[in-house]
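*Asks:* My questions all concern the structure below.
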Amino acid sequence: MQLHRALAQIVPLTQFILSDNSQVGKRDLAHSEPHYPSPWMSPTAQGWEDAYAKAKEFVSQLTLAEKVNLTTGVGWEGEQCVGQVGSIPRLGFRSLCMQDSPLGIRFADYVSAFTSGQTVAASFDRSLIYRRGKAMGDENRIKGVDVMLGPVAGPIGRAPAGGRNWEGFSPDPYLTGVAIAETIKGIQDAGVIACAKHFIGNEQEHFRQVGESQGRGYNISETISANIDDKTMHELYLWPFADAVRAGVGSIMCSYNQINNSYACQNSKTLNGLLKGELGFQGFVMSDWQAQHSGASSAAAGLDMTMPGDTEFNTGLSFWGTNLTLAVLNGTVPQYRIDDMAMRIMAAYFKVGRTVENQIPISFDSWTQDTFGPIHFAANEGYQQINWHVDAQEDHGDLIREIGAKATVLLKNEGALPLKKPKFLAVIGEDAGPNPLGPNGCSDRGCDMGTLAMGWGSGTSNFPYLITPIDALQMQAIEDRTRMEAILDNSAYSTIESLVTQDSATALVFVNADSGEGYIDVDGNEGDRKNLTLWGNGDELIKNVSSLCNNTIVIIHSVGPTLVTDWYDSPNITAILWAGLPGQESGRAIVDVLYGRVNPGGRTPFTWAAKREDYGADLLYEPNNGNGAPQQDFTEGVFIDYRALDRANIEPIFEFGFGLSYTTFEYSDLQIGKSGAGEYKPTTGKTAEAPSFGNYSTELDDYLFPESSFPYIWQYIYPYVNTTSSLADASMDPDFGQTAEEFLPPGAIDSAAQDLDPAGPGLSDQSGGNPQLFDIMYTVTAKVTNTGDVVGDEIPQLYVSLGGDDDPPVVLRGFDRIRIDPGATATFRATLTRRDVSNWDVDAQNWVITDCTKAVHVGPSSRKLPLSAPLP
């Protein structure tokens, strides 16, 4: 497969016309190089051999229409799940069910509402992250879901105001890579296919879809283009997806945005070149909902499944379905490509241990909670039982509570915590109490009323219950015989004043900041946050209470950092905690920490800067390219979050990786051992020729809708044609008749053996990149001693200085969560792989270890690194 030197050429921001934020200056727009053909699966790829063999046996039996059915969604609201492909009744194979979300099962009843990805990332606990993934996978399996639409590495969190950052893990690629890999392992160990998303550069909600944007008065004709250079792509945005692929993820979802002015779901460079070529991804690429923009072109560019199947919701039209059948018949999509699509889907299915014989029925319906209703909701057809109200929760509430407590970050403590039977608690803030409409009263959680336990959008689930902070605090107060009063109105200033000024008052102030997906607008926040301040006048509430009470404790539930500059250092604010988005056990989790049943060990997975401008990157809120695609140039490169502040030597309020404990720790005895890893060798060799499986009829009559077999359902997407007079008549496409050579790039449907990517795996290697990238180069150890009086969890962190002028001062490359008794010493151990100490060379198109002097640093946060040594 032909290699290209760069993903895009980006010009400096100074070449923009910024006077009215409406136009991009005259310059060449970023360009995505073509990369063809789409790589086909390797039968010997490590970890996929058995799945490939089973998929081959199954796919070899399929007709062309059945293969098309596997790849094409049946349409929005066509069946029970948010996405389903066609079934294969001849072989007893029901329709595959794709269902949101990354923190639970959207639209279902009797399921759990887990913590957000960002929140569990704050635990810095691999085991806890895995257990969360396994529990979510278990619930999806019980409910009959085949593909769980998560976890998330895009957005990674380029800018802190990004609306869906909370669905992912962290703006640090190493932490996100560890978290997405552990989550995938958990989900797939439960027998459910994980779908890592959104690939790639999907870093804001503004301008992600044309219709959504036009509805808000933005006159654009194409979605936003994330313009990312080659080095930045590899060292930041692609990094965690490489970990996802190496973990064996079965599916990856391509995103709404364009990358370098080519749509993500038909971007041959990112799908064919990076994902399937360089990373050796063996699973299937699924489109985001309505993110497909072409038919044969997207197939050639590497898309394997279109969701939800229709071009736009409820149109009954599809780029694939009938059109994919015709494309194979007229040769614009070769047989090997449709076979490879089907192979990838079925191999992912078999890889997680599923069988055709023992499929779990879908026991819920996304469109209604009624027990009986239409199986085809959009068409109001097929009245039957559609909800079985199966309880899938098991004991996951206990896990959610554990995660919530272990992920809570203690940002400040002047001796106020832990609480010990306080005499009088004054609980202040709407965030402490319930939503008056109930925990699920706002569709897809699209409001900010009551305590914030998850953001809004498709990345949500229904709460089976929600224990609010006030619920749990009241139970604790009864046990302790503590007087407790609460004011759950942020604007009740006089009432608040009269309460918090009373003798012996300890004020607990609960505040929040929300965000979510772009189809919902909450208080003018169009998915993305308008600013980084607290919602509901939270900052003013904190300042007012702390001006009156000298023991004010602040608890923040938020989707990311907020600006605490104006009040964090007040002597009357004696403690600050960030509790993230803790899910259904919110109240009990925070009370566990407040009262010391859990010694806080969480670390902030992002930086708390003094000013929004300190973060080094921001969102695009106004179109800047006329009515063309808004251009978002990632000119900051890899310098986001702590990397941006470190490079600019800006002091943060709370640095990345920071978090306090109720005890103290000391670090000592840094040791570095060098392994005997050999010289890095680029991968060489070729693939086999593209394989095809089974035969298909070339007679158009064989694809006529089989009216005698089943009734036609309105808006349902089928693989069949409505006329057999000619291929052109069946297509109804005015451009029908063009050959692949006329409208596709050169080599797009080439089936000859292709060169392997030098930075990628060999045919029998584990996916994720050249296997030597994962050779262990160094082992680093350090001693950590608990110098306090109580047992606690410490999170030693390993950072590397790569040494180049274009490198961040330090980058995270290792961590662990270690429980240490008072007075005891534990050993922190981490390994550094070749990838960990390498840079992407845009000329060599491979990873290289530069000649720059490199060093390692160990400590409790990115800015507190007491142990340092050069790498030998």
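Residues in the structure tokens are numbered from 1 in each chain, the chains being A, B, ... in the order shown, and ligands are numbered from 1 in the order shown.
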Can you tell me, as a VMD selection string, what residues are no more than 6 Å from range 319-327 of chain A when counting only C-alpha atoms, ignoring any on the same chain fewer than 6 positions away?
*Replies:* chain A and resid 72 294 to 295 333 718 to 721
*Asks:* Excluding Leu425 in chain A and its own-chain neighbours fewer than 2 positions away, which residues fall within 7 Å of it when counting only C-alpha atoms? Please give them as an MDAnalysis selection string.
*Replies:* chainID A and resid 422:423 427 483:485 505:507
*Asks:* Write a file of the selected residues as an mmCIF file, in the first residue's frame, keeping N, CA, C and O atoms.
*Replies:*
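Produced file selection_16.cif, reproduced below:
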```cif
data_model
loop_
_atom_site.group_PDB
_atom_site.id
_atom_site.type_symbol
_atom_site.label_atom_id
_atom_site.label_comp_id
_atom_site.auth_asym_id
_atom_site.auth_seq_id
_atom_site.Cartn_x
_atom_site.Cartn_y
_atom_site.Cartn_z
ATOM 1 N N PRO A 422 -19.533 16.193 62.519
ATOM 2 C CA PRO A 422 -19.659 17.649 62.664
ATOM 3 C C PRO A 422 -20.933 18.015 63.412
ATOM 4 O O PRO A 422 -21.950 17.319 63.325
ATOM 5 N N LYS A 423 -20.865 19.134 64.121
ATOM 6 C CA LYS A 423 -22.010 19.569 64.931
ATOM 7 C C LYS A 423 -23.152 20.067 64.055
ATOM 8 O O LYS A 423 -24.314 19.769 64.308
ATOM 9 N N VAL A 427 -25.767 22.596 54.047
ATOM 10 C CA VAL A 427 -25.568 22.103 52.690
ATOM 11 C C VAL A 427 -26.206 23.087 51.718
ATOM 12 O O VAL A 427 -27.412 23.347 51.789
ATOM 13 N N ARG A 483 -26.745 18.015 63.299
ATOM 14 C CA ARG A 483 -27.772 18.903 62.775
ATOM 15 C C ARG A 483 -27.423 19.232 61.321
ATOM 16 O O ARG A 483 -26.294 19.578 61.015
ATOM 17 N N MET A 484 -28.391 19.106 60.435
ATOM 18 C CA MET A 484 -28.130 19.394 59.027
ATOM 19 C C MET A 484 -29.323 20.104 58.417
ATOM 20 O O MET A 484 -30.471 19.684 58.580
ATOM 21 N N GLU A 485 -29.032 21.190 57.717
ATOM 22 C CA GLU A 485 -30.053 21.905 56.955
ATOM 23 C C GLU A 485 -29.508 22.164 55.566
ATOM 24 O O GLU A 485 -28.299 22.353 55.381
ATOM 25 N N ALA A 505 -21.139 26.339 62.032
ATOM 26 C CA ALA A 505 -21.545 25.878 60.705
ATOM 27 C C ALA A 505 -20.336 25.402 59.895
ATOM 28 O O ALA A 505 -19.313 26.088 59.808
ATOM 29 N N THR A 506 -20.472 24.211 59.337
ATOM 30 C CA THR A 506 -19.583 23.746 58.274
ATOM 31 C C THR A 506 -20.399 23.780 56.997
ATOM 32 O O THR A 506 -21.417 23.077 56.881
ATOM 33 N N ALA A 507 -19.998 24.617 56.054
ATOM 34 C CA ALA A 507 -20.769 24.782 54.824
ATOM 35 C C ALA A 507 -20.231 23.864 53.744
ATOM 36 O O ALA A 507 -19.036 23.898 53.423
#
```
*Asks:* When you count only C-alpha atoms, which of these residues is closest to Gly133 in chain A: A:Leu29, A:Ala226, A:Val780, A:Ile400?
*Replies:*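 Closest candidate: A:Ile400.
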*Asks:* Excluding Gly657 in chain A and its own-chain neighbours fewer than 5 positions away, which residues fall within 7 Å of it when counting only C-alpha atoms? Please give them as a PyMOL selection string.
*Replies:* chain A and resi 603-605+861-862
*Asks:* Store the residues picked out above in a file with all heavy atoms, as a tab-separated table (two decimals), in the first residue's frame.
*Replies:*
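Contents of out-v7.tsv, freshly written:
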```tsv
chain	number	residue	atom	x	y	z
A	603	ARG	N	-6.66	11.47	40.98
A	603	ARG	CA	-5.79	12.52	40.44
A	603	ARG	C	-6.49	13.18	39.26
A	603	ARG	O	-7.12	12.49	38.45
A	603	ARG	CB	-4.45	11.94	40.00
A	603	ARG	CG	-3.68	11.25	41.13
A	603	ARG	CD	-3.35	12.22	42.26
A	603	ARG	NE	-2.88	11.56	43.44
A	603	ARG	CZ	-1.58	11.31	43.69
A	603	ARG	NH1	-0.67	11.64	42.80
A	603	ARG	NH2	-1.24	10.71	44.81
A	604	THR	N	-6.36	14.47	39.17
A	604	THR	CA	-7.08	15.17	38.10
A	604	THR	C	-6.54	14.73	36.74
A	604	THR	O	-5.33	14.79	36.48
A	604	THR	CB	-6.99	16.70	38.27
A	604	THR	OG1	-7.65	17.32	37.15
A	604	THR	CG2	-5.57	17.20	38.37
A	605	PRO	N	-7.44	14.28	35.84
A	605	PRO	CA	-7.00	13.80	34.53
A	605	PRO	C	-6.84	14.92	33.51
A	605	PRO	O	-6.68	14.65	32.32
A	605	PRO	CB	-8.13	12.84	34.13
A	605	PRO	CG	-9.34	13.43	34.77
A	605	PRO	CD	-8.87	14.05	36.07
A	861	SER	N	2.68	14.03	40.58
A	861	SER	CA	1.93	14.82	39.61
A	861	SER	C	2.89	15.31	38.54
A	861	SER	O	4.11	15.17	38.65
A	861	SER	CB	1.24	16.01	40.28
A	861	SER	OG	2.17	17.04	40.59
A	862	SER	N	2.35	15.94	37.50
A	862	SER	CA	3.18	16.39	36.38
A	862	SER	C	4.10	17.53	36.76
A	862	SER	O	5.09	17.79	36.05
A	862	SER	CB	2.29	16.81	35.21
A	862	SER	OG	1.48	17.91	35.56
```
*Asks:* With only C-alpha atoms as the atoms that count, which of A:Trp714, A:Tyr778, A:Phe654, A:Phe372 lies nearest to Asn387 in chain A?
*Replies:*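 When distances to Asn387 in chain A are compared using only C-alpha atoms, the smallest one comes from A:Phe372.
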*Asks:* Tell me which of A:Phe58, A:Trp76, A:Tyr52, A:Phe815 sits closest to Gly309 in chain A, counting only C-alpha atoms.
*Replies:*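 For Gly309 in chain A, the nearest of the given residues is A:Trp76.
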*Asks:* List as a PyMOL selection string the protein and nucleic acid residues near range 513-515 of chain A, meaning an atom at most 9 Å away when only C-alpha atoms are counted, but skip any in the same chain fewer than 5 places from it.
*Replies:* chain A and resi 161-166+446-448+452+454-457+522+525-529+532-536+538+556-562
*Asks:* As a PDB file with N, CA and C atoms, in the first residue's frame, please: every residue in range 612-682 of chain A that DSSP puts in helix (DSSP H, G or I).
*Replies:*
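out.pdb written:
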```pdb
ATOM      1  N   ARG A 612      -8.614  30.603  30.623  1.00  0.00           N
ATOM      2  CA  ARG A 612      -8.944  29.767  29.474  1.00  0.00           C
ATOM      3  C   ARG A 612      -7.837  29.812  28.431  1.00  0.00           C
ATOM      4  N   GLU A 613      -7.227  30.959  28.249  1.00  0.00           N
ATOM      5  CA  GLU A 613      -6.207  31.121  27.223  1.00  0.00           C
ATOM      6  C   GLU A 613      -4.944  30.297  27.501  1.00  0.00           C
ATOM      7  N   ASP A 614      -4.780  29.848  28.742  1.00  0.00           N
ATOM      8  CA  ASP A 614      -3.572  29.101  29.101  1.00  0.00           C
ATOM      9  C   ASP A 614      -3.518  27.711  28.469  1.00  0.00           C
ATOM     10  N   TYR A 615      -4.659  27.209  27.995  1.00  0.00           N
ATOM     11  CA  TYR A 615      -4.718  25.814  27.558  1.00  0.00           C
ATOM     12  C   TYR A 615      -4.082  25.566  26.189  1.00  0.00           C
ATOM     13  N   TYR A 642      -1.646  20.084  29.868  1.00  0.00           N
ATOM     14  CA  TYR A 642      -0.438  20.367  30.646  1.00  0.00           C
ATOM     15  C   TYR A 642       0.774  20.597  29.766  1.00  0.00           C
ATOM     16  N   ARG A 643       0.792  20.005  28.591  1.00  0.00           N
ATOM     17  CA  ARG A 643       1.916  20.198  27.687  1.00  0.00           C
ATOM     18  C   ARG A 643       2.001  21.653  27.229  1.00  0.00           C
ATOM     19  N   ALA A 644       0.825  22.276  27.026  1.00  0.00           N
ATOM     20  CA  ALA A 644       0.815  23.682  26.611  1.00  0.00           C
ATOM     21  C   ALA A 644       1.310  24.581  27.731  1.00  0.00           C
ATOM     22  N   LEU A 645       0.851  24.344  28.944  1.00  0.00           N
ATOM     23  CA  LEU A 645       1.274  25.178  30.068  1.00  0.00           C
ATOM     24  C   LEU A 645       2.748  24.971  30.384  1.00  0.00           C
ATOM     25  N   ASP A 646       3.217  23.734  30.281  1.00  0.00           N
ATOM     26  CA  ASP A 646       4.625  23.468  30.551  1.00  0.00           C
ATOM     27  C   ASP A 646       5.521  24.181  29.540  1.00  0.00           C
ATOM     28  N   ARG A 647       5.143  24.116  28.261  1.00  0.00           N
ATOM     29  CA  ARG A 647       5.968  24.745  27.240  1.00  0.00           C
ATOM     30  C   ARG A 647       6.028  26.263  27.441  1.00  0.00           C
ATOM     31  N   ALA A 648       4.879  26.855  27.815  1.00  0.00           N
ATOM     32  CA  ALA A 648       4.820  28.309  27.992  1.00  0.00           C
ATOM     33  C   ALA A 648       5.262  28.741  29.386  1.00  0.00           C
TER      34      ALA A 648
END
```
*Asks:* With only C-alpha atoms as the counted atoms, please give the residues lying no more than 10 Å from Ser127 in chain A, apart from itself and same-chain residues fewer than 3 positions off, as a list in words.
*Replies:*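 Listed by chain and then number, they are Ser123, Phe124, Tyr130, Arg131, Arg132, Gly133, Ala179, Glu182, Thr183, Gly186 and Arg817 of chain A.
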*Asks:* Give the answer as one residue: which of A:Arg481, A:Lys406, A:Lys543, A:Arg337 has the shortest atom-to-atom distance to Pro571 in chain A, using only C-alpha atoms?
*Replies:*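 That would be A:Lys543, the residue with the smallest distance to Pro571 in chain A.
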